[in-house]
Amino acid sequence: MRKKNGPCADDKKGMRKPGRSGRALTAAGLPADSDCRMPVVTITGGRYLKAEHHMGVLLLTENCVRLYSRMGIIRIEGRRLAASDMDGDVILLEGEVRSVSFEK
Amino acid sequence: MKLWKFCAGYVNIRIMGKYPERLVNRCISEGISLTNCERTAKGLIADIPIRDFRSLRRLKRGCECRVRILSKRGLPMAGKAIRHNAVFAAGFAICLAAALFLSTRLWFITVDSNSVPPAEVEKTLADIGVSRGVPRRDIATSAVTSVLNADRRILNAKVVLAGVRLKVTVSDALAPMEGERNEAPADLVAERDCVISYVSVLRGHAEVKPGQAVRAGDILIRGDLSQIKEGYAVRAEGLVYGRLLYRVSAHASAYKRERVRSGRSARLTIPQVFGFELKTDAPFAEYELVSVTKEGFTCSIIPVWAAEYEAYELKEASVRDTAEGTEERARLAAQEKLKKLVPEGAKIVSVKTECITERDGSVTAVITVTTVEKIGTHRGI
C-alpha cells in the first residue's frame, strides 16, 4: 500500500522519482515544468529565490529554509533569509542564497 | 504590491511557540498571504492583512503558538489616527481646499523685454483684464498675444501660461519711436565689413543672403522698389545680423612695477584707545608696518595700549615677474582693449586667446573674438 505524501515519508525516502504523469510528459516530449505539481525554484542574482508548487514550510530560519514538495524536501541555505511573500503554493525568499538542494 | 498592502492595511505580528511554521502553513492553506516573514530570536515575525487577522485565533489552535501584535500599519490605521485628531484633519482639508482654489488663479506675471519697459507691458495686460488674482480660465493667451503685437514697438510677443505664472516674452523689439516715425524712403546698409548670418525683411527687398560677405556701405535691404512699380520706394526695415571678427593684442614686459622695501626702517610707537589707533607722524612717504610689541596700561580704567611697530620704507622698483604672471598681465591688458572695441549688444560666439613669449621673457597676448551683431543702418535714397 502506498503511503500518503507527508514530510516524514519524504524524509525517509529522499528525492522521489518522477511519477506516472511525469513519465508521460517526458514520453510526450514536453518540458518537466508542464506538470503543474512539480516544484519550480527560480533564483535571481543570488538575492531572490522563488519556490513554486511547494507543499508547506518545514523550517524558516535566517540561515536555512526547508520546504516540503512533491519531489521531496527542498533545502535552501543562505544568510539573512526572509520570506518576503507567501501566497498559496508560492514562497518568495529574500537574502543571500548560498545553496539549494534536495534532502535525502 | 507594497502600495496595495499599505492601502489594505496590515498587522505586524510575532508568532512565538514551539512550531510557528505550522501556523504559517495553516495560514497559507487558508489562503492568507503572509509577507516579510522573518525568524528572530524571540519568534517568527510576519505581516498579515487586517481582514485575515481575526482568523488567526481559530488557526492557532493546536499549534502551541502565541501571537502578539507588534504594530498596526496602513491606510485604515492612518485614517483612524486622523479621525481622532479632528483639528488636524480640518486643517489639512482647509489647506488642501485653499491650495486647490489658489491654483485656479493667476499669481505671477513675468515680463521679459529689452526695449519696452515691463511696467508698460503689465499695464497693457491690466487694461485687458489680465492681472494678478484673475481666474486662469479667463485668460486667452492668443488674445493677449494679438493685443501685445498690436503695439508698434513690439515685433513679436510670446505669451505662455504655465500654472499660476504668465510669462510674456517680447523678442526682437524694434527701437522705440522718437516723436514721429521717420518714413522717408531709405536703404538698409551695412555699417561694417562682415559676413551675413541672418536676414529678416519687414519692408523692402533683401539684397544679401546668409553666408555672403559684405563691405561697409553695401545695401542689405533695398528700399527702392522701382522694378516692381515705377518710382515706388519705401523705408527698408528688417533685421540683419552679421558675423564680425575682432583681433586685439597687448604686450607685457617681463618686469613689473612693484613696491618693495628699500632697506630703511624706523621704530614707531602708536597709542591705542578702545582699540582705535591714534594718528602719528609718518616716518616715510610709503611704508609697511610690522607689529613688534603691544603693551597695556593696567593702572588706567580706559583701555589704553601702546603698540610698537617696525616701519619699513617702500619704493617702486622693477621686479622680474613669473612667466604665468606675465601672461596673465598681457591677457588682462588685451581683454581691457577688447572691452572697449566690442559693442555692448554684440553676442560673442567664439573667443581664442594666444600668448606668444619673446626671448626676453615679455609676452604678447592675442585675443580673437567672433561676434554676431546687428549691422544694418539707414541711408536715404
# chains A, B, ... in the order shown; residues from 1 in each chain; ligands from 1

call {"tool": "residues_around", "arguments": {"residues": "stretch 44-49 of chain A", "least_positions_apart": "5", "cutoff": "7 Å", "atoms": "only C-alpha atoms", "output": "ChimeraX atom specification"}}
result
/A:92-97

call {"tool": "write_last_selection", "arguments": {"atoms": "C-alpha atoms", "output": "PDB file, in the first residue's frame"}}
result
ATOM      1  CA  LEU A  92       9.442  34.370  -2.282  1.00  0.00           C
ATOM      2  CA  LEU A  93      12.645  34.426  -0.276  1.00  0.00           C
ATOM      3  CA  GLU A  94      14.997  37.344   0.044  1.00  0.00           C
ATOM      4  CA  GLY A  95      18.539  37.180   1.347  1.00  0.00           C
ATOM      5  CA  GLU A  96      21.895  35.771   0.406  1.00  0.00           C
ATOM      6  CA  VAL A  97      21.162  32.376  -1.183  1.00  0.00           C
TER       7      VAL A  97
END

call {"tool": "closest_atom_pairs", "arguments": {"of": "chain B", "to": "chain A", "cutoff": "10 Å", "atoms": "only C-alpha atoms", "output": "tab-separated table"}}
result
residue	atom	partner	partner_atom	distance
B:Tyr19	CA	A:Leu59	CA	9.0
B:Pro20	CA	A:Leu60	CA	8.9
B:Glu21	CA	A:Val57	CA	6.1
B:Arg22	CA	A:Val57	CA	7.7
B:Leu23	CA	A:Val57	CA	9.8
B:Val24	CA	A:Val57	CA	7.4
B:Asn25	CA	A:Gly56	CA	5.6
B:Arg26	CA	A:Gly56	CA	8.8
B:Cys27	CA	A:Gly88	CA	9.1
B:Ile28	CA	A:Gly88	CA	5.4
B:Ser29	CA	A:Gly88	CA	6.5
B:Glu30	CA	A:Gly88	CA	8.3
B:Gly31	CA	A:Gly88	CA	5.9
B:Ile32	CA	A:Asp87	CA	6.9
B:Ser33	CA	A:Asp87	CA	4.7
B:Leu34	CA	A:Met86	CA	5.1
B:Thr35	CA	A:Asp85	CA	4.2
B:Asn36	CA	A:Ser84	CA	4.1
B:Cys37	CA	A:Ala83	CA	4.7
B:Glu38	CA	A:Ala82	CA	4.7
B:Arg39	CA	A:Thr61	CA	5.1
B:Thr40	CA	A:Thr61	CA	7.8
B:Ala41	CA	A:Thr61	CA	9.7
B:Gly43	CA	A:Thr61	CA	9.8
B:Leu44	CA	A:Leu60	CA	8.4
B:Ile45	CA	A:Ala82	CA	9.7
B:Ala46	CA	A:Ala83	CA	8.7
B:Asp47	CA	A:Asp85	CA	9.3

call {"tool": "residues_around", "arguments": {"residues": "B:Phe53", "least_positions_apart": "4", "cutoff": "9 Å", "atoms": "only C-alpha atoms", "output": "MDAnalysis selection string"}}
result
chainID B and resid 10:11 48:49 57

call {"tool": "residues_around", "arguments": {"residues": "stretch 226-236 of chain B", "least_positions_apart": "4", "cutoff": "8 Å", "atoms": "only C-alpha atoms", "output": "list in words"}}
result
Glu183, Ala184, Pro185, Ala186, Asp187, Leu188, Leu202, Arg203, Gly204, His205, Ile221, Arg222 and His378 of chain B

call {"tool": "residues_around", "arguments": {"residues": "B:Ala8", "least_positions_apart": "5", "cutoff": "9 Å", "atoms": "only C-alpha atoms", "output": "list in words"}}
result
Leu3, Pro49, Ile50, Arg51, Gly74, Leu75 and Pro76 of chain B

call {"tool": "write_last_selection", "arguments": {"atoms": "N, CA and C atoms", "output": "short mmCIF file (atom, residue, chain, number, x, y, z; two decimals), in the first residue's frame"}}
result
data_model
loop_
_atom_site.label_atom_id
_atom_site.label_comp_id
_atom_site.auth_asym_id
_atom_site.auth_seq_id
_atom_site.Cartn_x
_atom_site.Cartn_y
_atom_site.Cartn_z
N LEU B 3 2.25 48.96 -2.14
CA LEU B 3 1.25 50.03 -2.06
C LEU B 3 -0.13 49.45 -1.76
N PRO B 49 -2.59 40.63 6.53
CA PRO B 49 -3.61 41.64 6.23
C PRO B 49 -4.62 41.77 7.37
N ILE B 50 -5.13 42.96 7.54
CA ILE B 50 -6.06 43.22 8.65
C ILE B 50 -7.28 42.30 8.58
N ARG B 51 -7.81 42.10 7.39
CA ARG B 51 -9.05 41.33 7.23
C ARG B 51 -8.87 39.86 7.64
N GLY B 74 -0.76 50.94 7.83
CA GLY B 74 -1.56 51.04 6.61
C GLY B 74 -2.53 52.20 6.63
N LEU B 75 -3.23 52.34 5.53
CA LEU B 75 -4.15 53.47 5.35
C LEU B 75 -5.32 53.47 6.35
N PRO B 76 -5.94 52.31 6.61
CA PRO B 76 -7.05 52.33 7.57
C PRO B 76 -6.60 52.83 8.95
#

call {"tool": "select_by_dssp", "arguments": {"residues": "stretch 115-322 of chain B", "states": "strand (DSSP E or B)", "output": "mmCIF file with N, CA and C atoms, in the first residue's frame"}}
result
data_model
loop_
_atom_site.group_PDB
_atom_site.id
_atom_site.type_symbol
_atom_site.label_atom_id
_atom_site.label_comp_id
_atom_site.auth_asym_id
_atom_site.auth_seq_id
_atom_site.Cartn_x
_atom_site.Cartn_y
_atom_site.Cartn_z
ATOM 1 N N PRO B 135 -9.047 84.585 -12.572
ATOM 2 C CA PRO B 135 -9.065 83.131 -12.840
ATOM 3 C C PRO B 135 -8.284 82.788 -14.098
ATOM 4 N N ASN B 156 7.428 90.960 -31.926
ATOM 5 C CA ASN B 156 6.835 89.643 -31.699
ATOM 6 C C ASN B 156 6.721 89.390 -30.203
ATOM 7 N N ALA B 157 5.498 89.118 -29.762
ATOM 8 C CA ALA B 157 5.281 88.827 -28.333
ATOM 9 C C ALA B 157 4.874 87.371 -28.181
ATOM 10 N N LYS B 158 5.417 86.743 -27.139
ATOM 11 C CA LYS B 158 5.086 85.338 -26.864
ATOM 12 C C LYS B 158 4.512 85.266 -25.457
ATOM 13 N N VAL B 159 3.315 84.726 -25.354
ATOM 14 C CA VAL B 159 2.649 84.650 -24.046
ATOM 15 C C VAL B 159 2.412 83.177 -23.711
ATOM 16 N N VAL B 160 2.931 82.764 -22.574
ATOM 17 C CA VAL B 160 2.779 81.363 -22.135
ATOM 18 C C VAL B 160 2.198 81.357 -20.723
ATOM 19 N N LEU B 161 1.124 80.608 -20.550
ATOM 20 C CA LEU B 161 0.518 80.468 -19.227
ATOM 21 C C LEU B 161 0.942 79.109 -18.667
ATOM 22 N N ALA B 162 1.841 79.158 -17.708
ATOM 23 C CA ALA B 162 2.340 77.913 -17.116
ATOM 24 C C ALA B 162 1.945 77.885 -15.649
ATOM 25 N N ARG B 165 1.630 81.058 -13.386
ATOM 26 C CA ARG B 165 2.571 82.074 -13.887
ATOM 27 C C ARG B 165 2.300 82.379 -15.356
ATOM 28 N N LEU B 166 2.245 83.677 -15.663
ATOM 29 C CA LEU B 166 2.088 84.104 -17.060
ATOM 30 C C LEU B 166 3.424 84.692 -17.494
ATOM 31 N N LYS B 167 4.004 84.087 -18.500
ATOM 32 C CA LYS B 167 5.317 84.540 -18.953
ATOM 33 C C LYS B 167 5.165 85.247 -20.288
ATOM 34 N N VAL B 168 5.537 86.508 -20.317
ATOM 35 C CA VAL B 168 5.450 87.299 -21.549
ATOM 36 C C VAL B 168 6.871 87.579 -22.026
ATOM 37 N N THR B 169 7.174 87.151 -23.227
ATOM 38 C CA THR B 169 8.498 87.405 -23.797
ATOM 39 C C THR B 169 8.329 88.285 -25.024
ATOM 40 N N VAL B 170 8.896 89.465 -24.923
ATOM 41 C CA VAL B 170 8.844 90.396 -26.058
ATOM 42 C C VAL B 170 10.198 90.294 -26.737
ATOM 43 N N SER B 171 10.226 89.581 -27.843
ATOM 44 C CA SER B 171 11.508 89.374 -28.511
ATOM 45 C C SER B 171 11.651 90.277 -29.727
ATOM 46 N N ALA B 186 14.399 104.840 -47.639
ATOM 47 C CA ALA B 186 15.821 104.630 -47.307
ATOM 48 C C ALA B 186 16.192 103.176 -47.528
ATOM 49 N N ASP B 187 17.486 102.960 -47.729
ATOM 50 C CA ASP B 187 18.015 101.590 -47.826
ATOM 51 C C ASP B 187 18.627 101.224 -46.474
ATOM 52 N N LEU B 188 18.686 99.946 -46.232
ATOM 53 C CA LEU B 188 19.394 99.479 -45.036
ATOM 54 C C LEU B 188 20.768 99.006 -45.505
ATOM 55 N N VAL B 189 21.807 99.681 -45.011
ATOM 56 C CA VAL B 189 23.156 99.358 -45.484
ATOM 57 C C VAL B 189 24.015 98.827 -44.346
ATOM 58 N N ALA B 190 25.094 98.169 -44.732
ATOM 59 C CA ALA B 190 25.992 97.575 -43.721
ATOM 60 C C ALA B 190 26.846 98.662 -43.091
ATOM 61 N N CYS B 194 31.575 92.544 -42.861
ATOM 62 C CA CYS B 194 31.230 91.336 -42.090
ATOM 63 C C CYS B 194 30.692 90.241 -43.024
ATOM 64 N N VAL B 195 30.357 89.122 -42.414
ATOM 65 C CA VAL B 195 29.720 88.022 -43.153
ATOM 66 C C VAL B 195 28.285 87.911 -42.616
ATOM 67 N N ILE B 196 27.321 87.945 -43.518
ATOM 68 C CA ILE B 196 25.913 87.928 -43.095
ATOM 69 C C ILE B 196 25.574 86.570 -42.479
ATOM 70 N N SER B 197 24.881 86.619 -41.306
ATOM 71 C CA SER B 197 24.477 85.351 -40.679
ATOM 72 C C SER B 197 22.953 85.195 -40.640
ATOM 73 N N TYR B 198 22.216 86.298 -40.678
ATOM 74 C CA TYR B 198 20.748 86.191 -40.595
ATOM 75 C C TYR B 198 20.114 87.413 -41.250
ATOM 76 N N VAL B 199 19.097 87.176 -42.048
ATOM 77 C CA VAL B 199 18.392 88.292 -42.708
ATOM 78 C C VAL B 199 16.888 88.077 -42.544
ATOM 79 N N SER B 200 16.204 89.089 -42.053
ATOM 80 C CA SER B 200 14.746 89.041 -41.943
ATOM 81 C C SER B 200 14.203 90.378 -42.441
ATOM 82 N N VAL B 201 13.442 90.326 -43.515
ATOM 83 C CA VAL B 201 12.961 91.563 -44.155
ATOM 84 C C VAL B 201 11.540 91.870 -43.713
ATOM 85 N N LEU B 202 11.336 93.084 -43.260
ATOM 86 C CA LEU B 202 9.981 93.530 -42.910
ATOM 87 C C LEU B 202 9.406 94.383 -44.043
ATOM 88 N N ARG B 203 10.275 95.199 -44.614
ATOM 89 C CA ARG B 203 9.860 96.057 -45.724
ATOM 90 C C ARG B 203 11.057 96.236 -46.659
ATOM 91 N N HIS B 205 13.436 94.963 -50.196
ATOM 92 C CA HIS B 205 13.888 93.772 -50.914
ATOM 93 C C HIS B 205 15.287 93.390 -50.437
ATOM 94 N N ALA B 206 15.439 92.132 -49.997
ATOM 95 C CA ALA B 206 16.741 91.690 -49.477
ATOM 96 C C ALA B 206 17.749 91.589 -50.609
ATOM 97 N N ALA B 213 29.606 87.747 -47.853
ATOM 98 C CA ALA B 213 30.471 88.764 -47.256
ATOM 99 C C ALA B 213 30.086 90.128 -47.804
ATOM 100 N N VAL B 214 30.016 91.116 -46.934
ATOM 101 C CA VAL B 214 29.661 92.472 -47.375
ATOM 102 C C VAL B 214 30.691 93.470 -46.881
ATOM 103 N N ILE B 219 24.438 97.685 -49.741
ATOM 104 C CA ILE B 219 22.994 97.659 -49.436
ATOM 105 C C ILE B 219 22.611 96.255 -48.987
ATOM 106 N N LEU B 220 21.943 96.200 -47.828
ATOM 107 C CA LEU B 220 21.480 94.916 -47.289
ATOM 108 C C LEU B 220 20.014 94.698 -47.677
ATOM 109 N N ILE B 221 19.183 95.698 -47.394
ATOM 110 C CA ILE B 221 17.769 95.643 -47.796
ATOM 111 C C ILE B 221 17.486 96.907 -48.608
ATOM 112 N N ARG B 222 17.040 96.680 -49.836
ATOM 113 C CA ARG B 222 16.836 97.818 -50.744
ATOM 114 C C ARG B 222 15.436 98.409 -50.544
ATOM 115 N N ASP B 224 14.407 100.983 -52.554
ATOM 116 C CA ASP B 224 13.982 101.420 -53.886
ATOM 117 C C ASP B 224 13.360 100.222 -54.625
ATOM 118 N N ALA B 233 9.162 103.628 -53.723
ATOM 119 C CA ALA B 233 10.272 103.440 -52.776
ATOM 120 C C ALA B 233 9.731 103.435 -51.346
ATOM 121 N N ARG B 235 10.795 102.785 -46.955
ATOM 122 C CA ARG B 235 11.895 102.820 -45.983
ATOM 123 C C ARG B 235 12.186 101.363 -45.607
ATOM 124 N N GLU B 237 13.025 98.092 -43.880
ATOM 125 C CA GLU B 237 13.011 97.686 -42.463
ATOM 126 C C GLU B 237 13.335 96.197 -42.372
ATOM 127 N N GLY B 238 14.006 95.823 -41.332
ATOM 128 C CA GLY B 238 14.300 94.407 -41.131
ATOM 129 C C GLY B 238 15.460 94.207 -40.180
ATOM 130 N N LEU B 239 15.754 92.965 -39.990
ATOM 131 C CA LEU B 239 16.862 92.615 -39.085
ATOM 132 C C LEU B 239 17.945 91.918 -39.894
ATOM 133 N N VAL B 240 19.139 92.460 -39.788
ATOM 134 C CA VAL B 240 20.267 91.822 -40.477
ATOM 135 C C VAL B 240 21.393 91.657 -39.446
ATOM 136 N N TYR B 241 21.768 90.404 -39.246
ATOM 137 C CA TYR B 241 22.862 90.127 -38.310
ATOM 138 C C TYR B 241 24.089 89.689 -39.111
ATOM 139 N N GLY B 242 25.220 90.143 -38.673
ATOM 140 C CA GLY B 242 26.461 89.798 -39.352
ATOM 141 C C GLY B 242 27.481 89.235 -38.381
ATOM 142 N N ARG B 243 28.356 88.431 -38.938
ATOM 143 C CA ARG B 243 29.424 87.826 -38.128
ATOM 144 C C ARG B 243 30.679 88.675 -38.298
ATOM 145 N N LEU B 244 31.187 89.173 -37.172
ATOM 146 C CA LEU B 244 32.350 90.060 -37.215
ATOM 147 C C LEU B 244 33.516 89.457 -36.443
ATOM 148 N N LEU B 245 34.709 89.852 -36.860
ATOM 149 C CA LEU B 245 35.917 89.318 -36.233
ATOM 150 C C LEU B 245 36.692 90.472 -35.609
ATOM 151 N N TYR B 246 37.009 90.331 -34.343
ATOM 152 C CA TYR B 246 37.830 91.339 -33.658
ATOM 153 C C TYR B 246 39.123 90.673 -33.228
ATOM 154 N N ARG B 247 40.206 91.408 -33.429
ATOM 155 C CA ARG B 247 41.510 90.851 -33.030
ATOM 156 C C ARG B 247 42.275 91.950 -32.304
ATOM 157 N N VAL B 248 42.623 91.662 -31.059
ATOM 158 C CA VAL B 248 43.389 92.645 -30.286
ATOM 159 C C VAL B 248 44.628 91.971 -29.720
ATOM 160 N N SER B 249 45.646 92.783 -29.514
ATOM 161 C CA SER B 249 46.862 92.233 -28.903
ATOM 162 C C SER B 249 47.380 93.210 -27.856
ATOM 163 N N ALA B 250 48.021 92.676 -26.863
ATOM 164 C CA ALA B 250 48.615 93.505 -25.805
ATOM 165 C C ALA B 250 49.951 92.904 -25.407
ATOM 166 N N HIS B 251 50.873 93.786 -25.093
ATOM 167 C CA HIS B 251 52.226 93.341 -24.759
ATOM 168 C C HIS B 251 52.497 93.599 -23.281
ATOM 169 N N ALA B 252 53.118 92.661 -22.629
ATOM 170 C CA ALA B 252 53.519 92.832 -21.222
ATOM 171 C C ALA B 252 54.978 92.454 -21.091
ATOM 172 N N TYR B 255 59.227 92.472 -16.751
ATOM 173 C CA TYR B 255 59.372 93.148 -15.455
ATOM 174 C C TYR B 255 58.088 93.882 -15.118
ATOM 175 N N LYS B 256 57.759 93.842 -13.854
ATOM 176 C CA LYS B 256 56.568 94.578 -13.417
ATOM 177 C C LYS B 256 56.974 95.566 -12.321
ATOM 178 N N ARG B 257 56.185 96.629 -12.250
ATOM 179 C CA ARG B 257 56.451 97.647 -11.238
ATOM 180 C C ARG B 257 55.802 97.185 -9.939
ATOM 181 N N GLU B 258 56.578 97.174 -8.897
ATOM 182 C CA GLU B 258 56.063 96.714 -7.610
ATOM 183 C C GLU B 258 56.717 97.507 -6.480
ATOM 184 N N ARG B 259 55.970 97.651 -5.396
ATOM 185 C CA ARG B 259 56.528 98.365 -4.247
ATOM 186 C C ARG B 259 57.299 97.366 -3.392
ATOM 187 N N VAL B 260 58.566 97.645 -3.194
ATOM 188 C CA VAL B 260 59.406 96.746 -2.390
ATOM 189 C C VAL B 260 60.084 97.545 -1.273
ATOM 190 N N ARG B 261 60.582 96.847 -0.277
ATOM 191 C CA ARG B 261 61.254 97.507 0.853
ATOM 192 C C ARG B 261 62.593 98.079 0.374
ATOM 193 N N SER B 262 62.854 99.329 0.756
ATOM 194 C CA SER B 262 64.092 99.973 0.291
ATOM 195 C C SER B 262 65.281 99.573 1.157
ATOM 196 N N GLY B 263 65.025 99.139 2.368
ATOM 197 C CA GLY B 263 66.112 98.778 3.290
ATOM 198 C C GLY B 263 66.126 99.681 4.503
ATOM 199 N N ARG B 264 65.484 100.825 4.372
ATOM 200 C CA ARG B 264 65.434 101.760 5.515
ATOM 201 C C ARG B 264 64.236 101.396 6.387
ATOM 202 N N SER B 265 64.407 101.544 7.697
ATOM 203 C CA SER B 265 63.287 101.250 8.607
ATOM 204 C C SER B 265 63.361 102.154 9.835
ATOM 205 N N ALA B 266 62.259 102.260 10.539
ATOM 206 C CA ALA B 266 62.215 103.085 11.754
ATOM 207 C C ALA B 266 61.262 102.456 12.747
ATOM 208 N N ARG B 267 61.564 102.611 14.031
ATOM 209 C CA ARG B 267 60.697 102.074 15.089
ATOM 210 C C ARG B 267 59.597 103.107 15.369
ATOM 211 N N LEU B 268 58.370 102.658 15.492
ATOM 212 C CA LEU B 268 57.216 103.559 15.630
ATOM 213 C C LEU B 268 56.337 103.071 16.776
ATOM 214 N N THR B 269 55.944 103.972 17.656
ATOM 215 C CA THR B 269 55.040 103.597 18.759
ATOM 216 C C THR B 269 53.721 104.322 18.552
ATOM 217 N N ILE B 270 52.657 103.567 18.442
ATOM 218 C CA ILE B 270 51.335 104.156 18.193
ATOM 219 C C ILE B 270 50.423 103.856 19.387
ATOM 220 N N PRO B 271 49.901 104.893 20.024
ATOM 221 C CA PRO B 271 48.979 104.644 21.144
ATOM 222 C C PRO B 271 47.595 104.214 20.638
ATOM 223 N N GLN B 272 46.970 103.326 21.388
ATOM 224 C CA GLN B 272 45.628 102.827 21.025
ATOM 225 C C GLN B 272 44.676 103.061 22.193
ATOM 226 N N VAL B 273 43.510 103.620 21.902
ATOM 227 C CA VAL B 273 42.472 103.831 22.911
ATOM 228 C C VAL B 273 41.204 103.128 22.415
ATOM 229 N N PHE B 276 41.252 101.761 19.012
ATOM 230 C CA PHE B 276 41.478 102.650 17.862
ATOM 231 C C PHE B 276 42.870 103.263 17.956
ATOM 232 N N GLU B 277 43.569 103.253 16.846
ATOM 233 C CA GLU B 277 44.929 103.796 16.839
ATOM 234 C C GLU B 277 44.885 105.306 16.653
ATOM 235 N N TYR B 287 55.185 103.292 3.516
ATOM 236 C CA TYR B 287 55.846 102.329 4.410
ATOM 237 C C TYR B 287 54.909 101.155 4.743
ATOM 238 N N GLU B 288 55.533 100.143 5.312
ATOM 239 C CA GLU B 288 54.800 98.935 5.689
ATOM 240 C C GLU B 288 55.059 98.680 7.179
ATOM 241 N N LEU B 289 53.980 98.444 7.941
ATOM 242 C CA LEU B 289 54.141 98.265 9.390
ATOM 243 C C LEU B 289 54.167 96.791 9.753
ATOM 244 N N VAL B 290 55.090 96.455 10.643
ATOM 245 C CA VAL B 290 55.161 95.089 11.166
ATOM 246 C C VAL B 290 55.118 95.200 12.697
ATOM 247 N N SER B 291 54.102 94.547 13.285
ATOM 248 C CA SER B 291 53.900 94.659 14.725
ATOM 249 C C SER B 291 55.051 93.998 15.489
ATOM 250 N N VAL B 292 55.514 94.699 16.529
ATOM 251 C CA VAL B 292 56.612 94.153 17.340
ATOM 252 C C VAL B 292 56.089 93.796 18.739
ATOM 253 N N THR B 293 55.595 94.780 19.443
ATOM 254 C CA THR B 293 55.035 94.520 20.793
ATOM 255 C C THR B 293 53.756 95.328 20.981
ATOM 256 N N LYS B 294 53.046 94.956 22.058
ATOM 257 C CA LYS B 294 51.824 95.697 22.395
ATOM 258 C C LYS B 294 51.687 95.645 23.920
ATOM 259 N N GLU B 295 51.729 96.822 24.519
ATOM 260 C CA GLU B 295 51.672 96.862 25.990
ATOM 261 C C GLU B 295 50.497 97.699 26.441
ATOM 262 N N GLY B 296 49.819 97.257 27.485
ATOM 263 C CA GLY B 296 48.650 97.983 28.008
ATOM 264 C C GLY B 296 48.984 98.642 29.329
ATOM 265 N N VAL B 304 43.950 101.563 27.380
ATOM 266 C CA VAL B 304 44.974 102.263 26.582
ATOM 267 C C VAL B 304 46.126 101.290 26.343
ATOM 268 N N TRP B 305 46.537 101.260 25.099
ATOM 269 C CA TRP B 305 47.622 100.374 24.718
ATOM 270 C C TRP B 305 48.690 101.147 23.967
ATOM 271 N N ALA B 306 49.883 100.662 24.043
ATOM 272 C CA ALA B 306 50.971 101.241 23.247
ATOM 273 C C ALA B 306 51.500 100.136 22.334
ATOM 274 N N ALA B 307 51.237 100.322 21.055
ATOM 275 C CA ALA B 307 51.653 99.305 20.095
ATOM 276 C C ALA B 307 52.930 99.751 19.406
ATOM 277 N N GLU B 308 53.901 98.891 19.401
ATOM 278 C CA GLU B 308 55.185 99.226 18.785
ATOM 279 C C GLU B 308 55.314 98.507 17.446
ATOM 280 N N TYR B 309 55.680 99.267 16.428
ATOM 281 C CA TYR B 309 55.795 98.714 15.077
ATOM 282 C C TYR B 309 57.165 98.999 14.504
ATOM 283 N N GLU B 310 57.516 98.195 13.559
ATOM 284 C CA GLU B 310 58.706 98.462 12.752
ATOM 285 C C GLU B 310 58.192 98.939 11.398
ATOM 286 N N ALA B 311 58.528 100.159 11.045
ATOM 287 C CA ALA B 311 58.058 100.707 9.764
ATOM 288 C C ALA B 311 59.143 100.547 8.715
ATOM 289 N N TYR B 312 58.831 99.852 7.640
ATOM 290 C CA TYR B 312 59.792 99.643 6.549
ATOM 291 C C TYR B 312 59.422 100.536 5.377
ATOM 292 N N GLU B 313 60.375 101.274 4.883
ATOM 293 C CA GLU B 313 60.097 102.171 3.756
ATOM 294 C C GLU B 313 59.874 101.343 2.474
ATOM 295 N N LEU B 314 58.910 101.769 1.690
ATOM 296 C CA LEU B 314 58.603 101.087 0.423
ATOM 297 C C LEU B 314 58.914 102.008 -0.735
ATOM 298 N N LYS B 315 59.409 101.470 -1.792
ATOM 299 C CA LYS B 315 59.623 102.274 -3.016
ATOM 300 C C LYS B 315 59.360 101.409 -4.247
ATOM 301 N N GLU B 316 58.998 102.090 -5.294
ATOM 302 C CA GLU B 316 58.660 101.383 -6.535
ATOM 303 C C GLU B 316 59.927 100.857 -7.187
ATOM 304 N N ALA B 317 59.852 99.648 -7.679
ATOM 305 C CA ALA B 317 61.017 99.072 -8.358
ATOM 306 C C ALA B 317 60.541 98.062 -9.394
ATOM 307 N N SER B 318 61.369 97.831 -10.356
ATOM 308 C CA SER B 318 61.059 96.818 -11.378
ATOM 309 C C SER B 318 61.467 95.445 -10.875
ATOM 310 N N VAL B 319 60.517 94.562 -10.881
ATOM 311 C CA VAL B 319 60.780 93.197 -10.387
ATOM 312 C C VAL B 319 60.462 92.223 -11.509
ATOM 313 N N ARG B 320 61.301 91.238 -11.673
ATOM 314 C CA ARG B 320 61.036 90.252 -12.727
ATOM 315 C C ARG B 320 59.848 89.384 -12.312
#

call {"tool": "closest_residue", "arguments": {"among": "A:Val100, A:Ile43, A:Ala27, A:Met38", "to": "A:Met71", "atoms": "only C-alpha atoms"}}
result
A:Met38

call {"tool": "residues_around", "arguments": {"residues": "stretch 342-350 of chain B", "least_positions_apart": "2", "cutoff": "7 Å", "atoms": "only C-alpha atoms", "output": "PyMOL selection string"}}
result
chain B and resi 338-340+352+369-373

call {"tool": "atom_distance", "arguments": {"atom1": "atom CA of B:Thr377", "atom2": "atom CA of B:Arg192"}}
result
9.9 Å
